[in-house]
$ cat start04.csv   # CSV, C-alpha atoms and all ligand atoms
chain,number,residue,atom,x,y,z
L,1267,MET,CA,-17.3,39.1,13.9
L,1268,TYR,CA,-17.4,37.5,17.4
L,1269,LYS,CA,-20.7,36.4,18.9
L,1270,LYS,CA,-19.4,36.1,22.4
L,1271,PRO,CA,-16.2,38.2,22.6
L,1272,ILE,CA,-13.7,38.3,25.4
L,1273,VAL,CA,-13.0,42.0,26.2
L,1274,VAL,CA,-10.2,43.1,28.5
L,1275,PHE,CA,-9.7,46.5,30.2
L,1276,GLU,CA,-6.1,47.5,31.0
L,1277,GLY,CA,-4.4,50.6,32.4
L,1278,VAL,CA,-2.6,52.0,35.3
L,1279,GLU,CA,-4.2,53.1,38.6
L,1280,GLY,CA,-6.6,56.0,38.0
L,1281,SER,CA,-7.0,55.2,34.3
L,1282,GLY,CA,-10.8,54.8,34.6
L,1283,LYS,CA,-10.9,51.1,33.5
L,1284,THR,CA,-13.1,50.0,36.3
L,1285,LEU,CA,-15.7,52.7,35.5
L,1286,HIS,CA,-15.5,51.9,31.7
L,1287,ILE,CA,-16.1,48.2,32.3
L,1288,LYS,CA,-19.1,49.1,34.5
L,1289,HIS,CA,-20.5,51.2,31.6
L,1290,LEU,CA,-20.2,48.3,29.2
L,1291,SER,CA,-21.7,45.8,31.6
L,1292,ASN,CA,-24.7,48.1,32.2
L,1293,PHE,CA,-25.1,48.2,28.4
L,1294,LEU,CA,-25.1,44.4,28.2
L,1295,LYS,CA,-27.6,44.1,31.1
L,1296,LYS,CA,-30.0,46.5,29.3
L,1297,ARG,CA,-29.7,44.5,26.1
L,1298,LYS,CA,-30.1,41.2,28.1
L,1299,ILE,CA,-26.9,39.9,26.7
L,1300,LYS,CA,-25.4,37.1,28.9
L,1301,PHE,CA,-22.0,37.9,30.2
L,1302,ILE,CA,-19.6,37.4,33.0
L,1303,LYS,CA,-17.4,40.1,34.5
L,1304,ILE,CA,-14.3,39.4,36.5
L,1305,ARG,CA,-11.4,41.4,37.8
L,1306,GLU,CA,-7.8,40.2,38.2
L,1307,PRO,CA,-6.4,39.5,40.7
L,1308,GLY,CA,-9.7,38.3,41.9
L,1309,GLY,CA,-12.8,37.1,40.1
L,1310,HIS,CA,-13.4,33.5,41.2
L,1311,PHE,CA,-13.7,32.9,45.0
L,1312,ASN,CA,-10.3,31.3,45.1
L,1313,SER,CA,-8.7,34.2,43.2
L,1314,GLU,CA,-10.3,36.7,45.5
L,1315,LYS,CA,-8.5,34.9,48.4
L,1316,ILE,CA,-5.2,35.3,46.6
L,1317,ARG,CA,-6.1,39.0,45.8
L,1318,LYS,CA,-6.4,39.7,49.5
L,1319,LEU,CA,-3.1,38.1,50.2
L,1320,ILE,CA,-1.2,40.1,47.5
L,1321,LEU,CA,-2.8,43.5,48.0
L,1322,ASN,CA,-2.9,43.5,51.8
L,1323,ASN,CA,-0.9,46.4,53.1
L,1324,LYS,CA,0.8,44.1,55.6
L,1325,SER,CA,2.1,41.7,52.9
L,1326,LYS,CA,5.8,42.1,52.1
L,1327,PHE,CA,6.4,39.7,49.3
L,1328,HIS,CA,9.4,39.5,46.9
L,1329,LYS,CA,8.4,40.5,43.3
L,1330,ASN,CA,8.8,36.9,42.1
L,1331,THR,CA,6.3,35.8,44.8
L,1332,ASP,CA,3.9,38.5,43.6
L,1333,LEU,CA,4.3,37.2,40.0
L,1334,LEU,CA,3.5,33.7,41.0
L,1335,LEU,CA,0.5,34.7,43.1
L,1336,TYR,CA,-0.9,36.8,40.2
L,1337,LEU,CA,-0.5,33.8,37.9
L,1338,ALA,CA,-2.0,31.4,40.5
L,1339,ALA,CA,-5.0,33.7,40.8
L,1340,ARG,CA,-5.3,33.8,37.0
L,1341,ASN,CA,-5.2,30.0,36.8
L,1342,GLU,CA,-8.1,29.7,39.3
L,1343,ASN,CA,-10.2,32.0,37.0
L,1344,LEU,CA,-9.3,30.0,33.9
L,1345,GLN,CA,-10.0,26.6,35.5
L,1346,ASN,CA,-13.2,27.7,37.3
L,1347,LEU,CA,-14.8,30.4,35.2
L,1348,LEU,CA,-13.1,31.4,31.9
L,1349,ILE,CA,-12.7,28.1,30.1
L,1350,LYS,CA,-16.2,27.1,31.0
L,1351,ASN,CA,-17.7,30.3,29.6
L,1352,TYR,CA,-15.4,30.7,26.6
L,1353,LYS,CA,-17.4,31.5,23.5
L,1354,LYS,CA,-20.6,30.8,25.5
L,1355,LYS,CA,-21.0,34.1,27.1
L,1356,VAL,CA,-19.5,37.5,26.6
L,1357,ILE,CA,-16.5,37.8,29.0
L,1358,LEU,CA,-15.4,41.1,30.4
L,1359,ILE,CA,-12.0,41.1,32.3
L,1360,ASP,CA,-10.7,44.0,34.4
L,1361,ARG,CA,-6.9,43.3,33.9
L,1362,PHE,CA,-5.4,40.2,32.4
L,1363,THR,CA,-2.1,39.1,31.0
L,1364,ASP,CA,-1.0,42.6,29.9
L,1365,SER,CA,-1.1,43.7,33.5
L,1366,THR,CA,1.5,41.0,34.4
L,1367,LEU,CA,3.8,42.2,31.5
L,1368,ALA,CA,3.3,45.9,32.3
L,1369,TYR,CA,3.7,45.7,36.1
L,1370,GLN,CA,6.0,42.6,36.7
L,1371,HIS,CA,8.2,43.0,33.5
L,1372,TYR,CA,8.2,46.7,32.6
L,1373,GLY,CA,7.6,48.0,36.1
L,1374,MET,CA,9.7,45.5,38.1
L,1375,GLY,CA,12.1,44.0,35.6
L,1376,ILE,CA,11.1,40.3,35.7
L,1377,ASN,CA,12.1,38.4,32.6
L,1378,ILE,CA,9.5,38.8,29.8
L,1379,ASN,CA,10.0,35.4,28.3
L,1380,LEU,CA,9.4,33.7,31.6
L,1381,ILE,CA,6.1,35.6,32.0
L,1382,ASN,CA,5.0,34.9,28.5
L,1383,SER,CA,5.8,31.3,28.8
L,1384,ILE,CA,3.8,30.8,32.0
L,1385,ASN,CA,0.9,32.8,30.6
L,1386,SER,CA,0.8,30.6,27.5
L,1387,PHE,CA,1.1,27.4,29.7
L,1388,LEU,CA,-2.0,28.6,31.6
L,1389,LEU,CA,-4.1,30.1,28.7
L,1390,LYS,CA,-3.5,27.4,26.1
L,1391,ASN,CA,-6.2,28.1,23.5
L,1392,PHE,CA,-8.0,30.8,25.5
L,1393,LYS,CA,-7.8,34.0,23.4
L,1394,THR,CA,-9.1,37.5,24.0
L,1395,ASN,CA,-10.6,39.6,21.2
L,1396,LEU,CA,-10.2,43.2,22.2
L,1397,THR,CA,-8.2,45.1,24.8
L,1398,PHE,CA,-9.3,48.6,25.8
L,1399,LEU,CA,-6.0,50.3,26.9
L,1400,ASN,CA,-6.9,53.2,29.2
L,1401,LEU,CA,-4.3,55.9,29.2
L,1402,VAL,CA,-4.2,58.8,31.7
L,1403,SER,CA,-2.0,61.8,32.3
L,1404,LYS,CA,0.4,61.9,35.2
L,1405,LYS,CA,-1.6,64.7,36.8
L,1406,ASN,CA,-5.0,63.0,36.6
L,1407,MET,CA,-3.5,59.7,37.7
L,1408,LYS,CA,-2.1,61.5,40.8
L,1409,ASN,CA,-5.3,63.3,41.6
L,1410,ARG,CA,-7.4,60.2,41.2
L,1411,LEU,CA,-5.1,58.2,43.5
L,1412,LEU,CA,-5.2,61.0,46.1
L,1413,LYS,CA,-9.0,60.8,46.1
L,1414,ARG,CA,-9.1,57.0,47.0
L,1415,LYS,CA,-10.3,56.4,50.5
L,1416,THR,CA,-8.4,53.2,51.0
L,1417,LEU,CA,-5.1,52.4,49.3
L,1418,ASN,CA,-3.9,48.8,48.8
L,1419,ARG,CA,-0.2,47.7,48.6
L,1420,TYR,CA,-0.1,48.3,44.9
L,1421,ASP,CA,-1.6,51.8,45.1
L,1422,LYS,CA,1.5,53.1,47.0
L,1423,PHE,CA,4.3,53.0,44.5
L,1424,LYS,CA,6.1,56.2,43.4
L,1425,MET,CA,4.6,58.0,40.5
L,1426,SER,CA,7.8,57.0,38.5
L,1427,PHE,CA,6.7,53.4,38.8
L,1428,TYR,CA,3.3,54.0,37.3
L,1429,THR,CA,4.9,56.0,34.5
L,1430,LYS,CA,7.1,53.0,33.7
L,1431,VAL,CA,4.1,50.7,33.8
L,1432,GLN,CA,2.1,53.0,31.4
L,1433,ASN,CA,5.1,53.2,29.1
L,1434,GLY,CA,5.2,49.4,29.2
L,1435,TYR,CA,1.6,49.2,28.1
L,1436,LEU,CA,2.5,51.5,25.2
L,1437,LYS,CA,5.3,49.2,24.2
L,1438,LEU,CA,2.9,46.3,24.2
L,1439,TYR,CA,0.5,48.4,22.1
L,1440,ALA,CA,3.3,49.2,19.6
L,1441,LYS,CA,4.1,45.5,19.1
L,1442,ASN,CA,0.5,44.5,18.3
L,1443,LYS,CA,-1.7,47.5,17.5
L,1444,ASN,CA,-4.6,45.4,16.2
L,1445,LYS,CA,-5.3,43.9,19.6
L,1446,TYR,CA,-6.1,47.3,21.2
L,1447,LYS,CA,-8.4,50.2,21.2
L,1448,ILE,CA,-6.8,53.1,23.1
L,1449,ILE,CA,-9.1,55.1,25.4
L,1450,ASP,CA,-7.9,58.5,26.4
L,1451,SER,CA,-9.1,58.7,30.0
L,1452,ASN,CA,-8.4,62.4,30.3
L,1453,LYS,CA,-11.5,62.9,28.1
L,1454,SER,CA,-15.0,63.0,29.4
L,1455,ILE,CA,-16.7,59.9,30.9
L,1456,LEU,CA,-19.6,60.2,28.4
L,1457,THR,CA,-17.3,60.4,25.4
L,1458,ASN,CA,-15.4,57.3,26.4
L,1459,LYS,CA,-18.6,55.4,27.3
L,1460,LYS,CA,-19.9,56.0,23.7
L,1461,ILE,CA,-16.6,54.9,22.2
L,1462,ILE,CA,-16.5,51.7,24.3
L,1463,ILE,CA,-20.0,50.7,23.5
L,1464,SER,CA,-19.6,51.5,19.8
L,1465,GLU,CA,-16.4,49.4,19.6
L,1466,PHE,CA,-18.2,46.5,21.4
L,1467,LYS,CA,-21.0,46.7,18.8
L,1468,LYS,CA,-18.4,46.6,15.9
L,1469,LEU,CA,-16.9,43.5,17.5
L,1470,THR,CA,-20.1,41.6,17.5
L,1471,LYS,CA,-21.4,42.6,14.1
J,1501,LIG,P1,-6.8,46.8,40.7
J,1501,LIG,O1,-6.6,47.8,41.8
J,1501,LIG,O2,-7.0,47.4,39.4
J,1501,LIG,O3,-7.8,45.8,41.0
J,1501,LIG,O4,-5.4,46.0,40.5
J,1501,LIG,C1,-4.7,45.5,41.5
J,1501,LIG,C2,-3.2,45.7,41.3
J,1501,LIG,O5,-2.6,44.5,40.8
J,1501,LIG,C3,-2.8,46.8,40.3
J,1501,LIG,O6,-1.9,47.6,40.9
J,1501,LIG,C4,-2.1,46.0,39.2
J,1501,LIG,C5,-1.6,44.8,39.9
J,1501,LIG,N1,-1.5,43.6,39.0
J,1501,LIG,C6,-0.2,43.2,38.7
J,1501,LIG,O7,0.8,43.8,39.2
J,1501,LIG,N2,0.0,42.1,37.9
J,1501,LIG,C7,-1.1,41.4,37.4
J,1501,LIG,O8,-0.9,40.4,36.7
J,1501,LIG,C8,-2.4,41.9,37.7
J,1501,LIG,C9,-3.6,41.1,37.2
J,1501,LIG,C10,-2.5,43.0,38.5

$ encode --input "start04.csv" --output "structure tokens"
Amino acid sequence: MYKKPIVVFEGVEGSGKTLHIKHLSNFLKKRKIKFIKIREPGGHFNSEKIRKLILNNKSKFHKNTDLLLYLAARNENLQNLLIKNYKKKVILIDRFTDSTLAYQHYGMGININLINSINSFLLKNFKTNLTFLNLVSKKNMKNRLLKRKTLNRYDKFKMSFYTKVQNGYLKLYAKNKNKYKIIDSNKSILTNKKIIISEFKKLTK
């Protein structure tokens, strides 16, 4: 269906998305399929600079400042990496526009229309093809966060915040189910690896 799809991985802290994206990128490497992989915030050198600023434990920004920084980081990725490689290489993205809706709107209450309109202004014709939405139980989320050696500024919210964010993701899913494949991150790593690779294959058939 898509020769060079754009695949996004979304989910709260501890939902396994970073591991899942690693499995898919290893699969692509083995098959010698050209791809780029980025994370948000971060990715391009300029976006990584903004990432450090947002997630630094010493930063104390207002939520609107965070929003604008996340969007600024996204624009650097779009201008320097994503538009250039659009439909030329497979693109894997660890968090994208849904993160901004889940965290800044559903988690922090910033106006959804404002976020949608800035995202559309930045993305223009750039469209993603599939989003793996990684879901995790409260218990596993808590355990996985506790195991992290270093915690950044966004790893330190109350559990109730992450619950709001995950519920936000589910609301986005309910609005547009075709865009997503749900991954139950409470299941085994191997099971999910197989699902993700088989969904990717379906996408490129
Ligand atoms: P990471 O730890 O998965 O790399 O993500 C960093 C944090 O940034 C994570 O807590 C989610 C948050 N974030 C937002 O709040 N809004 C956004 O638009 C993005 C991309 C990430």

$ residues_around --input "start04.csv" --residues "region 1432-1444 of chain L" --least-positions-apart "3" --cutoff "6 Å" --atoms "only C-alpha atoms" --output "mmCIF file with C-alpha atoms, keeping the file's coordinate frame"
data_model
loop_
_atom_site.group_PDB
_atom_site.id
_atom_site.type_symbol
_atom_site.label_atom_id
_atom_site.label_comp_id
_atom_site.auth_asym_id
_atom_site.auth_seq_id
_atom_site.Cartn_x
_atom_site.Cartn_y
_atom_site.Cartn_z
ATOM 1 C CA ALA L 1368 3.300 45.900 32.300
ATOM 2 C CA TYR L 1372 8.200 46.700 32.600
ATOM 3 C CA THR L 1429 4.900 56.000 34.500
#

$ closest_residue --input "start04.csv" --among "L:Thr1470, L:Ser1454, L:Asn1406, L:Asn1323" --to "His1286 (chain L)" --atoms "all atoms listed in the file"
L:Ser1454

$ atom_distance --input "start04.csv" --atom1 "CA of Ile1304 (chain L)" --atom2 "CA of His1371 (chain L)"
23.0 Å

$ atom_distance --input "start04.csv" --atom1 "CA of Asn1385 (chain L)" --atom2 "CA of Asp1332 (chain L)"
14.5 Å

$ closest_residue --input "start04.csv" --among "L:Ile1287, L:Leu1417, L:Ile1376, L:Leu1469" --to "Lys1270 (chain L)" --atoms "all atoms listed in the file"
L:Leu1469
